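See below for data-v4.cif, which holds mmCIF, C-alpha atoms.
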```cif
data_model
loop_
_atom_site.label_atom_id
_atom_site.label_comp_id
_atom_site.auth_asym_id
_atom_site.auth_seq_id
_atom_site.Cartn_x
_atom_site.Cartn_y
_atom_site.Cartn_z
CA MET A 1 41.62 -0.43 -42.91
CA ASN A 2 41.16 -4.14 -42.17
CA LYS A 3 42.94 -3.76 -38.83
CA ARG A 4 40.47 -1.09 -37.64
CA HIS A 5 37.37 -3.29 -37.83
CA PRO A 6 38.21 -5.59 -34.87
CA ILE A 7 39.01 -2.53 -32.73
CA THR A 8 35.68 -0.88 -33.65
CA ALA A 9 33.84 -4.12 -32.98
CA PHE A 10 35.55 -4.34 -29.59
CA TYR A 11 34.49 -0.81 -28.65
CA ILE A 12 30.90 -1.40 -29.74
CA GLU A 13 30.76 -4.69 -27.88
CA ALA A 14 32.26 -3.11 -24.73
CA LEU A 15 29.83 -0.18 -24.97
CA ILE A 16 26.83 -2.49 -25.28
CA LEU A 17 28.08 -4.61 -22.39
CA ILE A 18 28.55 -1.60 -20.14
CA MET A 19 25.18 -0.14 -21.10
CA VAL A 20 23.40 -3.41 -20.34
CA PHE A 21 25.25 -3.69 -17.03
CA VAL A 22 24.44 -0.09 -16.07
CA GLY A 23 20.78 -0.74 -16.98
CA ILE A 24 20.69 -3.83 -14.77
CA ILE A 25 22.37 -1.93 -11.91
CA LEU A 26 19.83 0.92 -12.23
CA LEU A 27 16.93 -1.53 -12.15
CA LEU A 28 18.37 -3.35 -9.15
CA THR A 29 18.97 -0.04 -7.35
CA GLN A 30 15.27 0.72 -7.76
CA ILE A 31 14.34 -2.71 -6.38
CA PHE A 32 16.70 -2.23 -3.40
CA GLY A 33 15.28 1.26 -2.87
CA ALA A 34 11.69 -0.02 -2.93
CA GLY A 35 12.65 -2.75 -0.47
CA ARG A 36 14.23 -0.21 1.83
CA MET A 37 11.08 1.95 1.69
CA LEU A 38 8.88 -1.04 2.51
CA SER A 39 11.16 -2.06 5.34
CA SER A 40 11.22 1.46 6.73
CA ASP A 41 7.39 1.68 6.53
CA ALA A 42 7.10 -1.65 8.34
CA ASP A 43 9.49 -0.49 11.06
CA ARG A 44 7.61 2.78 11.50
CA MET A 45 4.23 1.03 11.66
CA THR A 46 5.49 -1.54 14.18
CA ARG A 47 6.88 1.19 16.45
CA ALA A 48 3.73 3.30 16.05
CA VAL A 49 1.52 0.35 17.06
CA GLY A 50 3.76 -0.33 20.07
CA LEU A 51 3.57 3.31 21.16
CA ALA A 52 -0.22 3.37 20.69
CA GLN A 53 -0.51 0.20 22.77
CA ASN A 54 1.60 1.76 25.53
CA ALA A 55 -0.66 4.81 25.52
CA ALA A 56 -3.77 2.56 25.59
CA GLU A 57 -2.40 0.74 28.63
CA ALA A 58 -1.69 4.11 30.26
CA VAL A 59 -5.34 5.02 29.62
CA ALA A 60 -6.44 1.73 31.20
CA ALA A 61 -4.36 2.50 34.28
CA SER A 62 -5.50 6.13 34.66
CA GLU A 63 -8.14 7.53 36.92
CA ASP A 64 -8.34 10.95 35.28
CA LEU A 65 -6.57 13.25 32.82
CA SER A 66 -3.83 14.37 35.23
CA ASP A 67 -3.15 10.73 36.04
CA LEU A 68 -2.89 10.00 32.31
CA GLU A 69 -0.44 12.88 31.91
CA GLU A 70 1.68 11.46 34.70
CA GLN A 71 1.56 7.96 33.20
CA LEU A 72 2.63 9.19 29.77
CA ASP A 73 5.46 11.38 31.05
CA GLU A 74 7.70 8.32 31.32
CA GLY A 75 11.08 9.96 30.99
CA ASN A 76 10.10 13.07 32.98
CA ILE A 77 10.84 15.04 29.82
CA GLY A 78 7.56 16.89 29.88
CA VAL A 79 4.47 16.19 27.84
CA SER A 80 2.02 18.66 26.44
CA ALA A 81 -1.42 18.49 28.03
CA ASP A 82 -4.65 20.37 27.37
CA PRO A 83 -8.21 19.72 28.56
CA SER A 84 -8.86 17.32 25.67
CA GLY A 85 -5.79 15.12 26.09
CA VAL A 86 -2.05 14.62 26.25
CA SER A 87 0.70 14.67 23.62
CA ALA A 88 3.97 12.84 24.21
CA TRP A 89 7.08 12.60 22.00
CA TYR A 90 9.37 9.66 21.30
CA ASP A 91 12.53 9.05 19.27
CA ARG A 92 12.93 6.58 16.38
CA GLU A 93 13.51 3.73 18.83
CA GLY A 94 10.34 4.53 20.74
CA SER A 95 12.06 6.00 23.82
CA PRO A 96 10.67 9.21 25.32
CA GLN A 97 12.41 12.26 23.85
CA LYS A 98 11.45 15.90 23.89
CA GLU A 99 10.48 16.94 20.34
CA GLY A 100 11.20 13.41 19.07
CA VAL A 101 10.02 12.15 15.66
CA PHE A 102 6.98 10.26 16.97
CA ARG A 103 4.15 12.24 18.53
CA VAL A 104 1.48 10.29 20.38
CA GLN A 105 -1.71 12.23 20.94
CA THR A 106 -4.08 10.68 23.47
CA THR A 107 -7.52 12.16 24.04
CA TRP A 108 -9.56 11.72 27.24
CA GLU A 109 -13.34 12.03 26.91
CA PRO A 110 -15.10 11.08 30.16
CA GLU A 111 -18.81 10.37 30.19
CA GLU A 112 -21.00 9.59 33.22
CA LYS A 113 -22.51 6.16 32.77
CA GLY A 114 -23.97 3.49 35.04
CA GLY A 115 -22.95 5.17 38.27
CA GLY A 116 -19.35 5.54 37.11
CA THR A 117 -17.29 7.13 34.40
CA LEU A 118 -16.63 5.67 31.00
CA ALA A 119 -13.60 7.47 29.57
CA ARG A 120 -13.14 7.05 25.84
CA SER A 121 -9.77 7.70 24.28
CA HIS A 122 -8.58 8.14 20.72
CA ILE A 123 -4.87 7.62 20.25
CA SER A 124 -3.09 8.95 17.13
CA VAL A 125 0.57 8.34 16.39
CA TRP A 126 2.21 10.89 14.07
CA TYR A 127 5.62 10.63 12.46
CA GLY A 128 7.70 13.71 11.68
CA GLU A 129 5.91 16.33 9.62
CA GLU A 130 3.50 13.87 7.97
CA LYS A 131 -0.05 15.15 7.61
CA GLU A 132 -1.75 11.81 8.28
CA PRO A 133 -1.21 9.77 11.43
CA VAL A 134 0.75 6.53 11.00
CA TYR A 135 -1.64 4.64 13.26
CA GLU A 136 -4.84 5.31 15.19
CA LEU A 137 -6.40 3.36 18.02
CA ASP A 138 -9.57 3.69 20.08
CA THR A 139 -9.84 2.47 23.63
CA ALA A 140 -11.95 3.07 26.72
CA VAL A 141 -11.86 2.50 30.46
CA TYR A 142 -14.71 2.29 32.94
CA ARG A 143 -14.19 3.53 36.47
CA LYS A 144 -16.62 3.08 39.30
CA GLY A 145 -17.50 6.32 41.08
CA GLY A 146 -17.03 9.81 39.76
CA SER A 147 -13.53 10.34 38.37
CA GLU A 148 -13.17 13.03 35.70
CA MET B 1 53.54 -4.93 -34.72
CA ASN B 2 51.86 -7.95 -33.17
CA HIS B 3 48.73 -6.93 -31.13
CA THR B 4 47.34 -9.31 -28.52
CA PRO B 5 43.59 -9.42 -29.19
CA VAL B 6 41.49 -8.25 -26.22
CA LYS B 7 38.46 -10.48 -25.74
CA LEU B 8 35.35 -9.45 -23.90
CA GLY B 9 34.15 -12.99 -23.21
CA PRO B 10 35.56 -13.35 -19.66
CA LEU B 11 34.50 -9.81 -18.75
CA ALA B 12 30.99 -10.45 -20.06
CA LEU B 13 30.86 -13.66 -18.05
CA LEU B 14 32.02 -11.86 -14.89
CA LEU B 15 29.43 -9.10 -15.34
CA THR B 16 26.72 -11.71 -15.95
CA VAL B 17 27.61 -13.54 -12.73
CA ILE B 18 27.65 -10.24 -10.81
CA SER B 19 24.26 -9.29 -12.31
CA ILE B 20 22.72 -12.65 -11.40
CA CYS B 21 24.03 -12.43 -7.82
CA LEU B 22 22.78 -8.87 -7.39
CA THR B 23 19.38 -9.78 -8.88
CA ILE B 24 18.98 -12.66 -6.43
CA LEU B 25 20.01 -10.39 -3.54
CA SER B 26 17.60 -7.66 -4.60
CA ILE B 27 14.70 -10.12 -4.92
CA LEU B 28 15.46 -11.58 -1.49
CA SER B 29 15.75 -8.09 0.00
CA TYR B 30 12.45 -6.96 -1.54
CA THR B 31 10.49 -10.07 -0.55
CA THR B 32 11.84 -9.88 3.03
CA ALA B 33 10.85 -6.21 3.26
CA GLY B 34 7.40 -7.09 1.82
CA ALA B 35 6.96 -9.82 4.43
CA ASP B 36 7.98 -7.34 7.17
CA ASP B 37 5.42 -4.86 5.88
CA ARG B 38 2.62 -7.46 5.77
CA LEU B 39 3.51 -8.55 9.30
CA ALA B 40 3.42 -4.93 10.52
CA GLN B 41 0.00 -4.39 8.88
CA ARG B 42 -1.29 -7.59 10.47
CA TYR B 43 0.05 -6.50 13.86
CA ALA B 44 -1.71 -3.14 13.46
CA GLN B 45 -4.97 -4.81 12.43
CA THR B 46 -4.87 -7.31 15.32
CA THR B 47 -4.14 -4.54 17.83
CA SER B 48 -7.03 -2.40 16.52
CA GLN B 49 -9.34 -5.41 16.76
CA ARG B 50 -8.23 -6.22 20.33
CA TYR B 51 -8.83 -2.66 21.51
CA GLU B 52 -12.17 -2.48 19.69
CA LEU B 53 -13.19 -5.47 21.77
CA GLU B 54 -11.75 -3.77 24.86
CA VAL B 55 -14.01 -0.75 24.22
CA MET B 56 -17.03 -3.06 23.84
CA GLY B 57 -16.10 -4.78 27.13
CA GLN B 58 -15.74 -1.49 29.01
CA GLU B 59 -19.10 -0.32 27.62
CA ALA B 60 -20.66 -3.59 28.82
CA LEU B 61 -19.20 -2.99 32.29
CA ALA B 62 -20.71 0.51 32.33
CA GLU B 63 -24.13 -1.05 31.71
CA PHE B 64 -23.67 -3.84 34.28
CA PRO B 65 -25.69 -5.98 35.11
CA ALA B 66 -27.66 -5.50 31.88
CA GLY B 67 -26.68 -8.11 29.33
CA PHE B 68 -24.86 -10.29 31.86
CA GLU B 69 -25.96 -13.86 32.56
CA ALA B 70 -25.59 -16.16 35.53
CA GLU B 71 -23.81 -18.86 33.57
CA THR B 72 -21.38 -19.10 30.72
CA SER B 73 -20.70 -21.91 28.33
CA ASP B 74 -17.41 -20.39 27.28
CA VAL B 75 -14.23 -21.96 28.52
CA ILE B 76 -12.88 -19.99 31.45
CA LEU B 77 -9.20 -20.21 32.18
CA SER B 78 -9.30 -17.75 35.05
CA GLU B 79 -8.12 -18.91 38.43
CA ALA B 80 -10.24 -16.42 40.35
CA LYS B 81 -11.80 -18.05 43.42
CA ASP B 82 -15.21 -16.41 43.71
CA LEU B 83 -16.57 -17.29 40.27
CA SER B 84 -19.74 -18.89 41.65
CA SER B 85 -21.51 -15.59 42.26
CA ALA B 86 -20.19 -13.99 39.09
CA LEU B 87 -22.30 -12.81 36.18
CA TRP B 88 -20.97 -13.42 32.70
CA LYS B 89 -20.97 -11.79 29.33
CA THR B 90 -19.38 -13.01 26.13
CA ILE B 91 -18.63 -10.56 23.34
CA GLN B 92 -17.67 -11.79 19.91
CA LEU B 93 -15.83 -9.76 17.29
CA ASP B 94 -14.81 -11.68 14.18
CA ASP B 95 -12.62 -14.51 15.49
CA LEU B 96 -11.91 -12.78 18.81
CA THR B 97 -13.94 -13.54 21.93
CA LEU B 98 -13.98 -11.61 25.17
CA VAL B 99 -15.40 -13.31 28.26
CA ILE B 100 -16.11 -10.99 31.18
CA GLY B 101 -16.93 -12.24 34.65
CA ALA B 102 -18.06 -9.66 37.21
CA VAL B 103 -19.40 -9.90 40.74
CA PRO B 104 -21.99 -7.29 41.81
CA GLU B 105 -20.83 -5.36 44.84
CA GLY B 106 -22.97 -3.78 47.57
CA ASP B 107 -23.73 -0.64 45.55
CA GLY B 108 -24.48 -2.72 42.42
CA SER B 109 -21.25 -1.81 40.69
CA PRO B 110 -19.24 -4.60 39.05
CA ARG B 111 -16.03 -6.08 40.41
CA VAL B 112 -14.28 -7.79 37.53
CA VAL B 113 -13.10 -11.30 38.36
CA ALA B 114 -12.42 -12.57 34.85
CA TRP B 115 -11.42 -10.77 31.66
CA GLU B 116 -10.34 -13.21 28.99
CA MET B 117 -9.65 -12.49 25.37
CA ASN B 118 -9.31 -15.55 23.17
CA ARG B 119 -8.82 -16.05 19.48
CA GLU B 120 -10.21 -19.01 17.61
CA TRP B 121 -7.33 -21.01 16.31
CA ASN B 122 -7.43 -24.12 14.19
CA GLN B 123 -4.23 -26.02 13.91
CA ASP B 124 -3.18 -26.59 10.34
CA THR B 125 -2.80 -30.35 10.32
CA GLN B 126 -2.69 -30.77 6.57
CA ILE B 127 0.78 -31.64 5.38
CA ASN B 128 0.90 -31.66 1.63
CA ASN B 129 2.97 -34.12 -0.37
CA LEU B 130 4.50 -35.69 2.69
CA TRP B 131 5.00 -39.44 2.51
CA ASP B 132 2.46 -41.06 4.82
CA GLY B 133 4.53 -44.20 5.39
CA SER B 134 2.47 -46.47 3.16
CA GLY B 135 4.32 -48.83 0.84
CA ASN B 136 2.78 -47.47 -2.38
#
```
Write out the structure in this file as structure tokens.
Amino acid sequence: MNKRHPITAFYIEALILIMVFVGIILLLTQIFGAGRMLSSDADRMTRAVGLAQNAAEAVAASEDLSDLEEQLDEGNIGVSADPSGVSAWYDREGSPQKEGVFRVQTTWEPEEKGGGTLARSHISVWYGEEKEPVYELDTAVYRKGGSE
Amino acid sequence: MNHTPVKLGPLALLLTVISICLTILSILSYTTAGADDRLAQRYAQTTSQRYELEVMGQEALAEFPAGFEAETSDVILSEAKDLSSALWKTIQLDDLTLVIGAVPEGDGSPRVVAWEMNREWNQDTQINNLWDGSGN
């Protein structure tokens, strides 16, 4: 009987040790997971802002909607255009890709002003199937004369 | 029968060291990711602000020459040659400033000769707890 006690104590001690270690590992896994989520959010936001900026510069360089469509169709992969604007797709790295994970929607709303055209544009960057855009940006460009 | 006693001391020590190392790694990983996220948010905010100012500048151009003045007190870094006949407008948004210089053309429309976006920046010259060289 006396010989059994040290063995039982050993098992209990080992069990407690393993349980504490597993608890610590679980906690640390959650911290690593949260860090990964934050890092992934940051990466997505940075790429979305870059894509929105590219689209804003395309707006600044465009004379009209068809010009904007041409500017945004960087990889000649085809963009989707309708009278209100242009949608272009990009992969995770921000390179043009048909049906990529990033969708950049750029509107084109021209308005006659001061003898020229002030075209306002609202740029939304969507990621995957998310319901809210990752990033939104407003820009405008003024052109002398009567572009559409 | 002579049993060699199994001791958990070294194993407990090893697991403790592993736990401490992993904890430090996880904290470093999380704080780095947090810093990345804050930087991304700041980048997004700065970009939105810059383009908000861009919209205000384009609207000002559409209303040219209304709101433009013959002189500007703002520092102009532009190397454009025909600044003498230019009209100027300064637009302020928080700590961002946009200086627009435009020359009226024959039909009254503006030809932009300067478009400068500057951010107020104050150098942080305060160095805390650094020995200033004095003997005391």
Practice item. Would you mind telling me which residue in B:Leu11, B:Ala102, B:Leu130, B:Ile20 lies nearest to B:Ala62 when using all atoms listed in the file? Key: B:Ala102
Point to revise | Neighbour list for stretch 113-119 of chain B as an MDAnalysis selection string, cut-off 7 Å, only C-alpha atoms, skip fewer than 2 positions in-chain | key: chainID B and resid 78 80 95:103 111 121
Check your understanding: Got a sec to pull out which chain A residues are within 7 Å of chain B, counting all atoms listed in the file, and send them as a list of chain:residue names?
Key -> A:Leu17, A:Ile24, A:Leu28, A:Ile31, A:Phe32, A:Gly35, A:Leu38, A:Ser39, A:Asp41, A:Ala42, A:Met45, A:Thr46, A:Val49, A:Lys113, A:Gly114, A:Leu118, A:Leu137, A:Asp138, A:Thr139, A:Ala140, A:Val141, A:Tyr142, A:Lys144
Practice item. Check which residues satisfy the PyMOL selection byres ((chain A and resi 102) around 6) in the file shown, then give them as an NGL selection string. Key: :A and (89-90 or 100-101 or 103 or 126-127)
Point to revise | Computed interatomic separation between atom CA of A:Glu99 and atom CA of A:Val125 (Å) | key: 13.7 Å
N, CA and C atoms for stretch 45-76 of chain A, written as a compact mmCIF listing (two decimals), in the frame of the given file, could you do that?
```txt
# COMPACT_ATOMS: atom_id res chain seq x y z
N MET A 45 5.56 1.51 11.25
CA MET A 45 4.23 1.03 11.66
C MET A 45 4.33 0.21 12.95
N THR A 46 5.33 -0.69 12.99
CA THR A 46 5.49 -1.54 14.18
C THR A 46 5.73 -0.68 15.42
N ARG A 47 6.60 0.31 15.29
CA ARG A 47 6.88 1.19 16.45
C ARG A 47 5.65 2.02 16.81
N ALA A 48 4.93 2.49 15.78
CA ALA A 48 3.73 3.30 16.05
C ALA A 48 2.68 2.47 16.79
N VAL A 49 2.50 1.21 16.38
CA VAL A 49 1.52 0.35 17.06
C VAL A 49 1.94 0.11 18.51
N GLY A 50 3.24 -0.12 18.70
CA GLY A 50 3.76 -0.33 20.07
C GLY A 50 3.51 0.90 20.94
N LEU A 51 3.77 2.08 20.39
CA LEU A 51 3.57 3.31 21.16
C LEU A 51 2.08 3.52 21.47
N ALA A 52 1.23 3.22 20.47
CA ALA A 52 -0.22 3.37 20.69
C ALA A 52 -0.70 2.40 21.77
N GLN A 53 -0.13 1.20 21.75
CA GLN A 53 -0.51 0.20 22.77
C GLN A 53 -0.09 0.68 24.16
N ASN A 54 1.13 1.23 24.24
CA ASN A 54 1.60 1.76 25.53
C ASN A 54 0.65 2.83 26.05
N ALA A 55 0.24 3.72 25.13
CA ALA A 55 -0.66 4.81 25.52
C ALA A 55 -2.01 4.23 25.95
N ALA A 56 -2.48 3.18 25.24
CA ALA A 56 -3.77 2.56 25.59
C ALA A 56 -3.69 1.93 26.98
N GLU A 57 -2.55 1.33 27.29
CA GLU A 57 -2.40 0.74 28.63
C GLU A 57 -2.32 1.84 29.69
N ALA A 58 -1.73 2.98 29.33
CA ALA A 58 -1.69 4.11 30.26
C ALA A 58 -3.12 4.61 30.52
N VAL A 59 -3.93 4.63 29.47
CA VAL A 59 -5.34 5.02 29.62
C VAL A 59 -6.04 4.04 30.57
N ALA A 60 -5.79 2.76 30.36
CA ALA A 60 -6.44 1.73 31.20
C ALA A 60 -6.05 1.85 32.66
N ALA A 61 -4.84 2.41 32.90
CA ALA A 61 -4.36 2.50 34.28
C ALA A 61 -4.64 3.87 34.90
N SER A 62 -5.31 4.76 34.16
CA SER A 62 -5.50 6.13 34.66
C SER A 62 -6.88 6.34 35.27
N GLU A 63 -6.88 7.18 36.27
CA GLU A 63 -8.14 7.53 36.92
C GLU A 63 -8.75 8.78 36.29
N ASP A 64 -7.87 9.69 35.88
CA ASP A 64 -8.34 10.95 35.28
C ASP A 64 -7.26 11.50 34.35
N LEU A 65 -7.49 12.67 33.81
CA LEU A 65 -6.57 13.25 32.82
C LEU A 65 -5.19 13.53 33.40
N SER A 66 -5.15 14.04 34.65
CA SER A 66 -3.83 14.37 35.23
C SER A 66 -3.04 13.08 35.49
N ASP A 67 -3.79 12.03 35.84
CA ASP A 67 -3.15 10.73 36.04
C ASP A 67 -2.58 10.22 34.72
N LEU A 68 -3.35 10.41 33.64
CA LEU A 68 -2.89 10.00 32.31
C LEU A 68 -1.62 10.76 31.92
N GLU A 69 -1.61 12.04 32.22
CA GLU A 69 -0.44 12.88 31.91
C GLU A 69 0.79 12.35 32.64
N GLU A 70 0.58 11.98 33.90
CA GLU A 70 1.68 11.46 34.70
C GLU A 70 2.17 10.12 34.15
N GLN A 71 1.20 9.29 33.73
CA GLN A 71 1.56 7.96 33.20
C GLN A 71 2.36 8.09 31.90
N LEU A 72 1.98 9.07 31.08
CA LEU A 72 2.63 9.19 29.77
C LEU A 72 3.96 9.93 29.83
N ASP A 73 4.20 10.64 30.92
CA ASP A 73 5.46 11.38 31.05
C ASP A 73 6.52 10.44 31.62
N GLU A 74 6.82 9.39 30.83
CA GLU A 74 7.70 8.32 31.32
C GLU A 74 9.11 8.80 31.68
N GLY A 75 9.68 9.56 30.77
CA GLY A 75 11.08 9.96 30.99
C GLY A 75 11.21 11.29 31.71
N ASN A 76 10.12 11.76 32.31
CA ASN A 76 10.10 13.07 32.98
C ASN A 76 10.65 14.16 32.06
```
